[in-house]
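As provided, data-v8.pdb (PDB, C-alpha atoms) reads as follows.
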```pdb
ATOM      1  CA  MET A 339      63.057  97.834  91.231
ATOM      2  CA  LYS A 340      64.526  94.458  92.196
ATOM      3  CA  LYS A 341      64.665  95.609  95.805
ATOM      4  CA  LEU A 342      61.018  96.570  95.729
ATOM      5  CA  VAL A 343      60.054  93.178  94.358
ATOM      6  CA  ALA A 344      62.098  91.531  97.111
ATOM      7  CA  VAL A 345      60.367  93.577  99.824
ATOM      8  CA  PHE A 346      57.021  92.733  98.298
ATOM      9  CA  ILE A 347      57.746  88.994  98.205
ATOM     10  CA  VAL A 348      59.122  88.908 101.745
ATOM     11  CA  LEU A 349      56.105  90.756 103.119
ATOM     12  CA  SER A 350      53.598  88.585 101.311
ATOM     13  CA  LEU A 351      55.302  85.418 102.600
ATOM     14  CA  VAL A 352      55.257  86.420 106.261
ATOM     15  CA  GLY A 353      53.060  84.037 108.207
ATOM     16  CA  CYS A 354      52.608  81.693 105.263
ATOM     17  CA  GLN A 355      53.893  78.211 105.924
ATOM     18  CA  THR A 356      52.469  75.810 103.387
ATOM     19  CA  PHE A 357      50.768  72.610 104.492
ATOM     20  CA  PRO A 358      53.134  69.688 103.921
ATOM     21  CA  PRO A 359      51.320  67.301 101.562
ATOM     22  CA  ASP A 360      52.379  64.224 103.521
ATOM     23  CA  ALA A 361      51.425  65.493 107.000
ATOM     24  CA  LEU A 362      48.525  63.053 107.321
ATOM     25  CA  VAL A 363      49.921  60.259 105.166
ATOM     26  CA  ALA A 364      51.300  57.152 106.827
ATOM     27  CA  GLY A 365      55.074  57.463 106.355
ATOM     28  CA  PRO A 366      57.662  54.796 105.576
ATOM     29  CA  ASP A 367      58.983  54.876 109.152
ATOM     30  CA  GLN A 368      55.495  54.339 110.618
ATOM     31  CA  LEU A 369      56.032  50.673 111.478
ATOM     32  CA  GLN A 370      59.456  51.329 112.990
ATOM     33  CA  ARG A 371      58.095  54.124 115.186
ATOM     34  CA  ARG A 372      55.173  51.962 116.283
ATOM     35  CA  GLN A 373      57.561  49.188 117.287
ATOM     36  CA  LEU A 374      59.806  51.612 119.150
ATOM     37  CA  GLU A 375      56.941  53.133 121.125
ATOM     38  CA  THR A 376      54.859  49.999 121.772
ATOM     39  CA  ARG A 377      55.080  46.946 124.021
ATOM     40  CA  LYS A 378      52.663  44.055 124.368
ATOM     41  CA  TYR A 379      51.561  42.859 127.801
ATOM     42  CA  THR A 380      49.683  39.587 128.299
ATOM     43  CA  GLY A 381      47.878  38.278 131.366
ATOM     44  CA  VAL A 382      47.168  41.592 133.039
ATOM     45  CA  LYS A 383      44.098  43.777 133.558
ATOM     46  CA  GLU A 384      43.858  47.031 131.637
ATOM     47  CA  ALA A 385      43.151  49.000 134.819
ATOM     48  CA  ASP A 386      46.282  47.540 136.482
ATOM     49  CA  LEU A 387      48.414  48.442 133.477
ATOM     50  CA  LEU A 388      47.059  51.980 133.544
ATOM     51  CA  ALA A 389      47.702  52.373 137.280
ATOM     52  CA  ALA A 390      51.234  50.982 136.904
ATOM     53  CA  SER A 391      51.906  53.361 134.001
ATOM     54  CA  SER A 392      50.797  56.359 136.000
ATOM     55  CA  ASN A 393      53.024  55.198 138.896
ATOM     56  CA  VAL A 394      56.055  54.868 136.651
ATOM     57  CA  LEU A 395      55.430  58.343 135.200
ATOM     58  CA  GLN A 396      55.221  59.733 138.735
ATOM     59  CA  ASP A 397      58.530  57.994 139.511
ATOM     60  CA  MET A 398      59.949  59.908 136.560
ATOM     61  CA  GLY A 399      58.691  63.191 138.011
ATOM     62  CA  PHE A 400      55.815  63.751 135.622
ATOM     63  CA  ASN A 401      52.624  65.520 136.660
ATOM     64  CA  LEU A 402      49.418  64.025 135.374
ATOM     65  CA  GLU A 403      47.602  66.377 132.984
ATOM     66  CA  GLU A 404      44.736  64.417 131.469
ATOM     67  CA  SER A 405      43.336  60.930 131.674
ATOM     68  CA  GLU A 406      40.424  58.967 130.235
ATOM     69  CA  THR A 407      40.505  55.508 131.755
ATOM     70  CA  ASN A 408      37.692  54.285 129.477
ATOM     71  CA  LEU A 409      40.003  54.795 126.525
ATOM     72  CA  GLY A 410      43.244  53.827 128.264
ATOM     73  CA  LEU A 411      44.756  57.309 127.994
ATOM     74  CA  ILE A 412      47.124  59.204 130.273
ATOM     75  CA  THR A 413      48.936  62.419 129.400
ATOM     76  CA  ALA A 414      51.541  63.898 131.682
ATOM     77  CA  GLY A 415      54.135  66.643 131.619
ATOM     78  CA  LYS A 416      57.053  68.209 133.457
ATOM     79  CA  THR A 417      59.280  71.268 133.076
ATOM     80  CA  ARG A 418      63.025  70.855 133.349
ATOM     81  CA  GLU A 419      66.310  72.628 132.542
ATOM     82  CA  ALA A 420      67.169  72.137 128.904
ATOM     83  CA  ALA A 421      70.911  72.640 128.451
ATOM     84  CA  SER A 422      73.948  71.359 130.304
ATOM     85  CA  THR A 423      76.528  73.869 131.546
ATOM     86  CA  GLY A 424      79.062  72.376 129.118
ATOM     87  CA  GLU A 425      76.777  72.966 126.180
ATOM     88  CA  ILE A 426      76.236  76.620 127.138
ATOM     89  CA  ILE A 427      79.981  77.240 127.627
ATOM     90  CA  GLY A 428      80.679  75.593 124.255
ATOM     91  CA  LYS A 429      78.162  77.772 122.454
ATOM     92  CA  VAL A 430      79.431  80.953 124.152
ATOM     93  CA  ILE A 431      83.005  80.107 123.062
ATOM     94  CA  ILE A 432      81.840  79.536 119.467
ATOM     95  CA  ALA A 433      80.017  82.872 119.576
ATOM     96  CA  ALA A 434      83.119  84.643 120.933
ATOM     97  CA  PHE A 435      85.344  83.286 118.154
ATOM     98  CA  THR A 436      82.996  83.396 115.189
ATOM     99  CA  GLY A 437      80.562  86.124 116.153
ATOM    100  CA  ILE A 438      77.706  83.758 115.401
ATOM    101  CA  ALA A 439      75.359  83.321 118.336
ATOM    102  CA  ILE A 440      73.868  79.835 118.603
ATOM    103  CA  PRO A 441      70.848  79.740 120.899
ATOM    104  CA  TRP A 442      70.701  77.116 123.615
ATOM    105  CA  GLY A 443      67.729  75.688 125.451
ATOM    106  CA  VAL A 444      66.739  77.504 128.621
ATOM    107  CA  ALA A 445      63.863  75.313 129.792
ATOM    108  CA  GLN A 446      61.980  72.419 128.336
ATOM    109  CA  ASN A 447      58.472  71.155 128.782
ATOM    110  CA  ILE A 448      58.546  67.375 128.388
ATOM    111  CA  ARG A 449      55.238  65.691 127.621
ATOM    112  CA  VAL A 450      54.184  62.111 127.309
ATOM    113  CA  SER A 451      51.003  60.547 126.116
ATOM    114  CA  LEU A 452      50.424  56.907 126.919
ATOM    115  CA  VAL A 453      47.668  54.833 125.395
ATOM    116  CA  ILE A 454      46.629  51.299 126.289
ATOM    117  CA  ARG A 455      44.353  49.312 124.039
ATOM    118  CA  PRO A 456      43.292  45.692 123.646
ATOM    119  CA  ASN A 457      45.496  44.118 120.975
ATOM    120  CA  PRO A 458      43.269  43.857 117.879
ATOM    121  CA  GLN A 459      45.306  40.831 116.731
ATOM    122  CA  ALA A 460      45.274  39.146 120.145
ATOM    123  CA  LYS A 461      44.790  35.432 120.623
ATOM    124  CA  ALA A 462      44.063  35.843 124.332
ATOM    125  CA  ALA A 463      41.514  38.295 125.736
ATOM    126  CA  ASP A 464      43.875  39.859 128.244
ATOM    127  CA  GLU A 465      46.503  41.082 125.793
ATOM    128  CA  TYR A 466      47.151  44.805 125.632
ATOM    129  CA  LEU A 467      49.322  47.172 123.628
ATOM    130  CA  VAL A 468      50.900  50.058 125.503
ATOM    131  CA  ARG A 469      52.128  52.901 123.337
ATOM    132  CA  ALA A 470      53.972  55.865 124.799
ATOM    133  CA  THR A 471      55.153  58.934 122.895
ATOM    134  CA  PHE A 472      57.416  61.577 124.394
ATOM    135  CA  GLN A 473      57.578  65.160 123.094
ATOM    136  CA  ARG A 474      59.427  68.228 124.210
ATOM    137  CA  VAL A 475      59.062  71.967 123.724
ATOM    138  CA  VAL A 476      62.339  73.779 124.394
ATOM    139  CA  LYS A 477      62.437  77.485 125.120
ATOM    140  CA  GLN A 478      65.662  78.800 123.558
ATOM    141  CA  SER A 479      67.922  81.544 124.898
ATOM    142  CA  ASN A 480      66.859  83.780 121.976
ATOM    143  CA  GLY A 481      63.178  83.455 122.903
ATOM    144  CA  SER A 482      62.228  81.005 120.164
ATOM    145  CA  PHE A 483      60.759  77.554 120.713
ATOM    146  CA  LEU A 484      61.927  74.207 119.430
ATOM    147  CA  MET A 485      59.338  71.430 119.326
ATOM    148  CA  GLU A 486      60.080  67.801 118.682
ATOM    149  CA  THR A 487      58.939  64.251 119.189
ATOM    150  CA  LEU A 488      61.614  62.251 120.995
ATOM    151  CA  LYS A 489      62.893  59.294 119.013
ATOM    152  CA  GLU A 490      65.814  57.994 121.088
ATOM    153  CA  PRO A 491      65.394  54.183 121.344
ATOM    154  CA  GLU A 492      67.190  54.202 124.713
ATOM    155  CA  LEU A 493      64.483  56.401 126.235
ATOM    156  CA  TYR A 494      61.689  54.044 125.204
ATOM    157  CA  GLN A 495      63.632  50.924 126.230
ATOM    158  CA  LYS A 496      64.245  52.300 129.701
ATOM    159  CA  PHE A 497      60.681  53.487 130.108
ATOM    160  CA  PHE A 498      59.248  50.076 129.223
ATOM    161  CA  GLU A 499      61.812  48.305 131.432
ATOM    162  CA  ARG A 500      60.429  50.299 134.348
ATOM    163  CA  LEU A 501      56.827  49.577 133.368
ATOM    164  CA  SER A 502      57.584  45.859 133.039
ATOM    165  CA  LYS A 503      59.065  45.842 136.543
ATOM    166  CA  ALA A 504      55.986  47.640 137.881
ATOM    167  CA  VAL A 505      53.533  45.060 136.526
ATOM    168  CA  PHE A 506      55.871  42.063 137.054
ATOM    169  CA  ILE A 507      55.388  41.110 133.402
ATOM    170  CA  GLU A 508      57.946  41.471 130.677
ATOM    171  CA  GLY A 509      56.613  43.667 127.876
ATOM    172  CA  GLN A 510      57.068  42.007 124.496
ATOM    173  CA  THR A 511      58.183  43.975 121.474
ATOM    174  CA  ILE A 512      55.691  43.925 118.615
TER
ATOM    175  CA  MET B1285      62.741 107.045  93.725
ATOM    176  CA  LYS B1286      62.071 107.750  97.359
ATOM    177  CA  SER B1287      58.332 108.161  96.831
ATOM    178  CA  HIS B1288      58.325 105.038  94.645
ATOM    179  CA  ALA B1289      59.805 103.033  97.479
ATOM    180  CA  LEU B1290      57.267 104.381  99.929
ATOM    181  CA  ILE B1291      54.374 103.512  97.656
ATOM    182  CA  ALA B1292      55.753 100.033  97.141
ATOM    183  CA  ILE B1293      56.125  99.489 100.869
ATOM    184  CA  ALA B1294      52.594 100.746 101.432
ATOM    185  CA  ILE B1295      51.221  98.349  98.808
ATOM    186  CA  ALA B1296      53.211  95.436 100.178
ATOM    187  CA  THR B1297      52.103  96.143 103.743
ATOM    188  CA  ASN B1298      48.542  96.387 102.583
ATOM    189  CA  LEU B1299      48.790  93.053 100.808
ATOM    190  CA  ALA B1300      50.403  91.448 103.817
ATOM    191  CA  LEU B1301      47.649  92.712 106.044
ATOM    192  CA  ALA B1302      44.830  91.824 103.679
ATOM    193  CA  GLY B1303      43.074  88.766 104.952
ATOM    194  CA  CYS B1304      43.093  90.064 108.486
ATOM    195  CA  ASP B1305      39.330  89.874 108.813
ATOM    196  CA  SER B1306      37.173  91.182 111.613
ATOM    197  CA  ILE B1307      37.246  89.442 114.987
ATOM    198  CA  PRO B1308      33.808  87.798 114.602
ATOM    199  CA  ALA B1309      34.828  86.458 111.166
ATOM    200  CA  ARG B1310      38.014  84.957 112.709
ATOM    201  CA  VAL B1311      36.159  83.449 115.650
ATOM    202  CA  LEU B1312      33.462  82.017 113.410
ATOM    203  CA  ASP B1313      36.078  80.985 110.772
ATOM    204  CA  GLU B1314      33.921  82.356 108.009
ATOM    205  CA  GLY B1315      35.783  81.370 104.877
ATOM    206  CA  ASP B1316      34.716  80.769 101.309
ATOM    207  CA  GLN B1317      33.348  77.346 102.226
ATOM    208  CA  THR B1318      29.906  76.715 103.663
ATOM    209  CA  GLN B1319      29.482  74.654 106.836
ATOM    210  CA  LEU B1320      27.943  71.921 104.728
ATOM    211  CA  GLN B1321      31.009  71.773 102.468
ATOM    212  CA  LYS B1322      33.357  71.572 105.449
ATOM    213  CA  ARG B1323      31.276  68.911 107.145
ATOM    214  CA  SER B1324      31.178  66.791 104.029
ATOM    215  CA  TYR B1325      34.969  66.505 103.553
ATOM    216  CA  GLN B1326      35.646  66.382 107.293
ATOM    217  CA  SER B1327      33.209  63.520 108.004
ATOM    218  CA  ARG B1328      32.868  59.816 107.260
ATOM    219  CA  VAL B1329      30.430  57.138 108.387
ATOM    220  CA  PHE B1330      31.434  53.641 109.535
ATOM    221  CA  ASP B1331      29.139  50.626 109.831
ATOM    222  CA  THR B1332      29.723  49.850 113.494
ATOM    223  CA  ALA B1333      27.789  50.502 116.691
ATOM    224  CA  ASP B1334      30.928  50.261 118.873
ATOM    225  CA  LYS B1335      31.826  53.805 119.907
ATOM    226  CA  GLN B1336      34.641  52.762 122.238
ATOM    227  CA  MET B1337      36.331  50.592 119.609
ATOM    228  CA  THR B1338      35.975  53.379 117.047
ATOM    229  CA  MET B1339      37.552  55.881 119.418
ATOM    230  CA  ARG B1340      40.413  53.550 120.334
ATOM    231  CA  THR B1341      41.083  53.044 116.634
ATOM    232  CA  VAL B1342      41.010  56.808 116.008
ATOM    233  CA  ILE B1343      43.578  57.231 118.799
ATOM    234  CA  ALA B1344      45.822  54.475 117.393
ATOM    235  CA  THR B1345      45.584  55.987 113.898
ATOM    236  CA  LEU B1346      46.570  59.427 115.180
ATOM    237  CA  GLN B1347      49.515  57.849 117.020
ATOM    238  CA  ASP B1348      50.567  56.103 113.824
ATOM    239  CA  LEU B1349      50.553  59.497 112.104
ATOM    240  CA  ASP B1350      53.020  60.810 114.760
ATOM    241  CA  PHE B1351      50.459  62.662 116.842
ATOM    242  CA  VAL B1352      50.619  62.847 120.600
ATOM    243  CA  ILE B1353      47.202  62.513 122.176
ATOM    244  CA  ASP B1354      46.371  65.550 124.316
ATOM    245  CA  LYS B1355      42.973  64.542 125.652
ATOM    246  CA  ALA B1356      40.050  62.246 125.034
ATOM    247  CA  ASP B1357      36.527  61.869 126.379
ATOM    248  CA  LEU B1358      34.474  58.747 125.743
ATOM    249  CA  THR B1359      31.143  60.309 126.746
ATOM    250  CA  LEU B1360      31.588  63.289 124.464
ATOM    251  CA  GLY B1361      33.330  61.139 121.856
ATOM    252  CA  THR B1362      36.231  63.526 121.274
ATOM    253  CA  VAL B1363      39.984  63.089 120.850
ATOM    254  CA  SER B1364      42.458  65.966 120.518
ATOM    255  CA  ALA B1365      46.032  65.471 119.398
ATOM    256  CA  THR B1366      49.108  67.477 118.379
ATOM    257  CA  LYS B1367      51.896  66.706 115.945
ATOM    258  CA  PHE B1368      55.301  68.422 116.167
ATOM    259  CA  ASN B1369      57.408  68.086 113.044
ATOM    260  CA  ARG B1370      59.043  71.454 112.313
ATOM    261  CA  TYR B1371      55.409  72.557 112.304
ATOM    262  CA  VAL B1372      52.499  72.290 114.720
ATOM    263  CA  LEU B1373      49.451  70.427 113.509
ATOM    264  CA  LYS B1374      46.494  70.099 115.880
ATOM    265  CA  MET B1375      43.557  67.841 115.286
ATOM    266  CA  THR B1376      40.258  67.143 116.999
ATOM    267  CA  VAL B1377      38.291  64.067 116.009
ATOM    268  CA  SER B1378      34.782  63.405 117.235
ATOM    269  CA  VAL B1379      32.912  60.114 117.145
ATOM    270  CA  ARG B1380      29.166  60.046 117.575
ATOM    271  CA  PRO B1381      26.451  57.478 116.901
ATOM    272  CA  ARG B1382      24.454  57.926 113.707
ATOM    273  CA  GLY B1383      21.248  55.945 114.115
ATOM    274  CA  THR B1384      21.768  52.644 115.919
ATOM    275  CA  LYS B1385      24.182  50.881 113.570
ATOM    276  CA  GLN B1386      26.645  53.549 112.487
ATOM    277  CA  MET B1387      29.294  55.899 113.822
ATOM    278  CA  LEU B1388      29.928  59.335 112.381
ATOM    279  CA  VAL B1389      33.578  60.395 112.581
ATOM    280  CA  ARG B1390      34.407  64.035 112.078
ATOM    281  CA  ALA B1391      37.827  65.650 112.051
ATOM    282  CA  ASN B1392      39.084  69.192 111.946
ATOM    283  CA  ALA B1393      42.669  70.348 111.825
ATOM    284  CA  GLN B1394      44.712  73.457 112.442
ATOM    285  CA  PHE B1395      48.097  73.953 110.817
ATOM    286  CA  GLY B1396      50.203  76.582 112.566
ATOM    287  CA  ILE B1397      47.784  79.493 112.836
ATOM    288  CA  ARG B1398      45.448  78.457 110.036
ATOM    289  CA  PRO B1399      42.519  76.058 109.664
ATOM    290  CA  VAL B1400      43.108  73.186 107.237
ATOM    291  CA  GLU B1401      40.505  73.739 104.537
ATOM    292  CA  ASP B1402      41.863  71.490 101.817
ATOM    293  CA  PRO B1403      39.886  68.194 101.559
ATOM    294  CA  LYS B1404      43.020  66.177 100.627
ATOM    295  CA  PRO B1405      44.595  65.893 104.117
ATOM    296  CA  TYR B1406      41.251  64.726 105.489
ATOM    297  CA  GLN B1407      41.046  62.095 102.751
ATOM    298  CA  ASP B1408      44.535  60.939 103.779
ATOM    299  CA  PHE B1409      43.480  60.738 107.426
ATOM    300  CA  PHE B1410      40.326  58.748 106.670
ATOM    301  CA  ALA B1411      42.308  56.437 104.375
ATOM    302  CA  SER B1412      44.522  55.505 107.351
ATOM    303  CA  LEU B1413      41.552  55.228 109.702
ATOM    304  CA  GLU B1414      39.699  53.000 107.256
ATOM    305  CA  LYS B1415      42.607  50.541 107.172
ATOM    306  CA  ALA B1416      42.851  50.451 110.952
ATOM    307  CA  MET B1417      39.088  50.011 111.342
ATOM    308  CA  PHE B1418      38.917  47.176 108.763
ATOM    309  CA  LEU B1419      35.744  48.971 107.600
ATOM    310  CA  THR B1420      34.937  51.218 104.658
ATOM    311  CA  ALA B1421      34.712  54.931 105.335
ATOM    312  CA  GLN B1422      31.544  56.144 103.676
ATOM    313  CA  ALA B1423      30.953  59.699 102.634
ATOM    314  CA  VAL B1424      28.093  61.432 104.396
ATOM    315  CA  GLU B1425      25.147  62.026 102.108
TER
END
```

Could you spell out this file's structure in structure tokens?
Amino acid sequence: MKKLVAVFIVLSLVGCQTFPPDALVAGPDQLQRRQLETRKYTGVKEADLLAASSNVLQDMGFNLEESETNLGLITAGKTREAASTGEIIGKVIIAAFTGIAIPWGVAQNIRVSLVIRPNPQAKAADEYLVRATFQRVVKQSNGSFLMETLKEPELYQKFFERLSKAVFIEGQTI
Amino acid sequence: MKSHALIAIAIATNLALAGCDSIPARVLDEGDQTQLQKRSYQSRVFDTADKQMTMRTVIATLQDLDFVIDKADLTLGTVSATKFNRYVLKMTVSVRPRGTKQMLVRANAQFGIRPVEDPKPYQDFFASLEKAMFLTAQAVE
């Protein structure tokens, strides 16, 4: 009987993932994330910032997907290899010794959305906030997908360094 | 025992499949709620005539909530965004003028493969938007 109940429960749960109650609630790390992903540029036109951003993304090999210049938005994406050879060899060795197969990433689709907006707290009129968020969807060797928002500070620092060079203005942290 | 197991599996399969409605019902998302009910918890009105500012604030609010903006269109007044966090949450927010002094903001969300039909997440979203707008979100009468 216990087995039957188990089968019943498993089958009724298939496809049911409950909505996380805090999915649309501002989290405690909201401010930190905003600071990580945002830089402030003063003394530049919005259109120039947008053009420079799209140039920098092209330098990074991204293909433009969508844009709405009236709202300061650019989204771009690229597909790249996901795992290093070392990582694959490591996981194959683990599998050989333990019998547990750990999937590795085969290919990843990296996406970025970049939004420019006039700073609502600006003292000068030509002050803009640039916020970029990087995401990736990794196709694993077992056919599953791993989706995540990238949070490495180094990535954002380097991206904004390049953007600052492109507009000849140092982006200020907020 | 064997027949018992078969019956149990049949019942369980049936229960798992229940809720698989017809194709038109899926396309039209005909649930228990009326369109009016959905519209009322998915919409708020703001006292501003500035569509562009409203849309920019919607975008910033979505970014604050960890969404990545997929596309936006000022003319149509729509913004679509996706959030990856061990789950996939997609949202579309539309902004359109209501009379000459107000903007109507409407949101709908999809969690995994299901529509979000609980008013609470929408309340949470509008609570964040309200703060960013520095304006009160009014329910639609």

If the PyMOL selection byres ((chain A and resi 360) around 12) were run on this exact file, what residues would it hold? Put them as an MDAnalysis selection string. (chainID A and resid 356:359 361:366) or (chainID B and resid 1349:1350 1369 1404:1409)

For chain A, which of B:Val1329, B:Ala1391, B:Val1352, B:Leu1360 is the closest residue, counting only C-alpha atoms?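 Of all the options, B:Val1352 lies closest to chain A.
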
Which residue of A:Glu499, A:Asp386, A:Glu419, A:Glu404 approaches chain B most closely, using all atoms listed in the file: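 Looking at the shortest contact to chain B, the residue is A:Glu404.
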
What is the distance, in Å and to one decimal place, between CA of Leu409 (chain A) and CA of Pro1381 (chain B)?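 Value for the CA of Leu409 (chain A)-CA of Pro1381 (chain B) distance: 16.8 Å.
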
Output of the PyMOL selection byres ((chain B and resi 1421) around 6), listed as a list in words: Arg1328, Val1329, Phe1330, Glu1414, Thr1420 and Gln1422 of chain B

Do me a favour and pick out the residues of chain B within 9 Å of chain A, using all atoms listed in the file, as a ChimeraX atom specification. /B:1288-1289,1292-1293,1295-1297,1299-1301,1336-1337,1339-1341,1343-1344,1346-1358,1367-1373,1395-1397,1400,1404-1409,1411-1412

Export, as an mmCIF file, in the frame of the given file, the selected residues with C-alpha atoms.
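Okay, this is what ended up in part31.cif:
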```
data_model
loop_
_atom_site.group_PDB
_atom_site.id
_atom_site.type_symbol
_atom_site.label_atom_id
_atom_site.label_comp_id
_atom_site.auth_asym_id
_atom_site.auth_seq_id
_atom_site.Cartn_x
_atom_site.Cartn_y
_atom_site.Cartn_z
ATOM 1 C CA HIS B 1288 58.325 105.038 94.645
ATOM 2 C CA ALA B 1289 59.805 103.033 97.479
ATOM 3 C CA ALA B 1292 55.753 100.033 97.141
ATOM 4 C CA ILE B 1293 56.125 99.489 100.869
ATOM 5 C CA ILE B 1295 51.221 98.349 98.808
ATOM 6 C CA ALA B 1296 53.211 95.436 100.178
ATOM 7 C CA THR B 1297 52.103 96.143 103.743
ATOM 8 C CA LEU B 1299 48.790 93.053 100.808
ATOM 9 C CA ALA B 1300 50.403 91.448 103.817
ATOM 10 C CA LEU B 1301 47.649 92.712 106.044
ATOM 11 C CA GLN B 1336 34.641 52.762 122.238
ATOM 12 C CA MET B 1337 36.331 50.592 119.609
ATOM 13 C CA MET B 1339 37.552 55.881 119.418
ATOM 14 C CA ARG B 1340 40.413 53.550 120.334
ATOM 15 C CA THR B 1341 41.083 53.044 116.634
ATOM 16 C CA ILE B 1343 43.578 57.231 118.799
ATOM 17 C CA ALA B 1344 45.822 54.475 117.393
ATOM 18 C CA LEU B 1346 46.570 59.427 115.180
ATOM 19 C CA GLN B 1347 49.515 57.849 117.020
ATOM 20 C CA ASP B 1348 50.567 56.103 113.824
ATOM 21 C CA LEU B 1349 50.553 59.497 112.104
ATOM 22 C CA ASP B 1350 53.020 60.810 114.760
ATOM 23 C CA PHE B 1351 50.459 62.662 116.842
ATOM 24 C CA VAL B 1352 50.619 62.847 120.600
ATOM 25 C CA ILE B 1353 47.202 62.513 122.176
ATOM 26 C CA ASP B 1354 46.371 65.550 124.316
ATOM 27 C CA LYS B 1355 42.973 64.542 125.652
ATOM 28 C CA ALA B 1356 40.050 62.246 125.034
ATOM 29 C CA ASP B 1357 36.527 61.869 126.379
ATOM 30 C CA LEU B 1358 34.474 58.747 125.743
ATOM 31 C CA LYS B 1367 51.896 66.706 115.945
ATOM 32 C CA PHE B 1368 55.301 68.422 116.167
ATOM 33 C CA ASN B 1369 57.408 68.086 113.044
ATOM 34 C CA ARG B 1370 59.043 71.454 112.313
ATOM 35 C CA TYR B 1371 55.409 72.557 112.304
ATOM 36 C CA VAL B 1372 52.499 72.290 114.720
ATOM 37 C CA LEU B 1373 49.451 70.427 113.509
ATOM 38 C CA PHE B 1395 48.097 73.953 110.817
ATOM 39 C CA GLY B 1396 50.203 76.582 112.566
ATOM 40 C CA ILE B 1397 47.784 79.493 112.836
ATOM 41 C CA VAL B 1400 43.108 73.186 107.237
ATOM 42 C CA LYS B 1404 43.020 66.177 100.627
ATOM 43 C CA PRO B 1405 44.595 65.893 104.117
ATOM 44 C CA TYR B 1406 41.251 64.726 105.489
ATOM 45 C CA GLN B 1407 41.046 62.095 102.751
ATOM 46 C CA ASP B 1408 44.535 60.939 103.779
ATOM 47 C CA PHE B 1409 43.480 60.738 107.426
ATOM 48 C CA ALA B 1411 42.308 56.437 104.375
ATOM 49 C CA SER B 1412 44.522 55.505 107.351
#
```

Looking at A:Gln373, A:Asn401, A:Ser482, A:Ser392, which one is nearest to Leu501 (chain A), with distances taken over only C-alpha atoms? A:Ser392

Given the file shown, enumerate the residues that the PyMOL selection byres ((chain B and resi 1385) around 7) captures and present them as number ranges by chain. B: 1331-1333, 1383-1384, 1386

Compare A:Asp464, A:Val505, A:Ala434, A:Arg418 by their minimum atom-to-atom distance to Ile448 (chain A), counting only C-alpha atoms, and give me the closest one.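 Under the stated criterion, the closest residue is A:Arg418.
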
Pick out the residues sitting within 8 Å of region 378-384 of chain A, and hand them over as a list in words; count all atoms listed in the file, and ignore anything fewer than 6 positions along from it in its own chain.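 Close residues of region 378-384 of chain A: Gly410, Ile454, Arg455, Asn457, Ala462, Asp464, Glu465, Tyr466, Leu467, Val468, Ile507, Glu508, Gly509, Gln510, Thr511 and Ile512 of chain A.
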
To one decimal place, how far is CA of Thr417 (chain A) from CA of Lys429 (chain A) in Å? 22.6 Å

Record the distance separating CA of Gly424 (chain A) and CA of Gly437 (chain A), expressed in Å with one decimal.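 Result for CA of Gly424 (chain A) versus CA of Gly437 (chain A): 19.0 Å, one decimal.
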
Of the candidates B:Gln1321, B:Asn1392, B:Gln1326, B:Thr1338, which one gets nearest to Thr1376 (chain B) if we count all atoms listed in the file? B:Asn1392

Residues within 8 Å of (69.9, 84.0, 124.9), file coordinates, counting all atoms listed in the file: what are they? Give the list as a list of chain:residue names. A:Pro441, A:Trp442, A:Gln478, A:Ser479, A:Asn480, A:Gly481

Quick one: residues within 6 Å of Arg1390 (chain B), only C-alpha atoms counted, chain neighbours fewer than 4 positions away excluded, as an MDAnalysis selection string? chainID B and resid 1326:1327 1377:1378

Using all atoms listed in the file, which residue out of B:Met1417, B:Pro1399, B:Ala1423, B:Gln1394 lies closest to Gln1317 (chain B)? B:Pro1399

Can you fill out region 1406-1414 of chain B with N, CA and C atoms and hand it back as a PDB file, in the coordinates of the input?
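Output file part-v3.pdb follows:
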```pdb
ATOM      1  N   TYR B1406      42.302  65.479 104.803  1.00  0.00           N
ATOM      2  CA  TYR B1406      41.251  64.726 105.489  1.00  0.00           C
ATOM      3  C   TYR B1406      41.050  63.366 104.814  1.00  0.00           C
ATOM      4  N   GLN B1407      41.133  63.373 103.472  1.00  0.00           N
ATOM      5  CA  GLN B1407      41.046  62.095 102.751  1.00  0.00           C
ATOM      6  C   GLN B1407      42.170  61.164 103.193  1.00  0.00           C
ATOM      7  N   ASP B1408      43.385  61.737 103.334  1.00  0.00           N
ATOM      8  CA  ASP B1408      44.535  60.939 103.779  1.00  0.00           C
ATOM      9  C   ASP B1408      44.271  60.353 105.166  1.00  0.00           C
ATOM     10  N   PHE B1409      43.751  61.203 106.066  1.00  0.00           N
ATOM     11  CA  PHE B1409      43.480  60.738 107.426  1.00  0.00           C
ATOM     12  C   PHE B1409      42.458  59.603 107.421  1.00  0.00           C
ATOM     13  N   PHE B1410      41.361  59.787 106.694  1.00  0.00           N
ATOM     14  CA  PHE B1410      40.326  58.748 106.670  1.00  0.00           C
ATOM     15  C   PHE B1410      40.812  57.481 105.966  1.00  0.00           C
ATOM     16  N   ALA B1411      41.741  57.624 105.033  1.00  0.00           N
ATOM     17  CA  ALA B1411      42.308  56.437 104.375  1.00  0.00           C
ATOM     18  C   ALA B1411      43.055  55.578 105.403  1.00  0.00           C
ATOM     19  N   SER B1412      43.813  56.236 106.292  1.00  0.00           N
ATOM     20  CA  SER B1412      44.522  55.505 107.351  1.00  0.00           C
ATOM     21  C   SER B1412      43.540  54.904 108.351  1.00  0.00           C
ATOM     22  N   LEU B1413      42.528  55.686 108.713  1.00  0.00           N
ATOM     23  CA  LEU B1413      41.552  55.228 109.702  1.00  0.00           C
ATOM     24  C   LEU B1413      40.786  54.010 109.183  1.00  0.00           C
ATOM     25  N   GLU B1414      40.442  54.074 107.906  1.00  0.00           N
ATOM     26  CA  GLU B1414      39.699  53.000 107.256  1.00  0.00           C
ATOM     27  C   GLU B1414      40.459  51.672 107.365  1.00  0.00           C
TER      28      GLU B1414
END
```
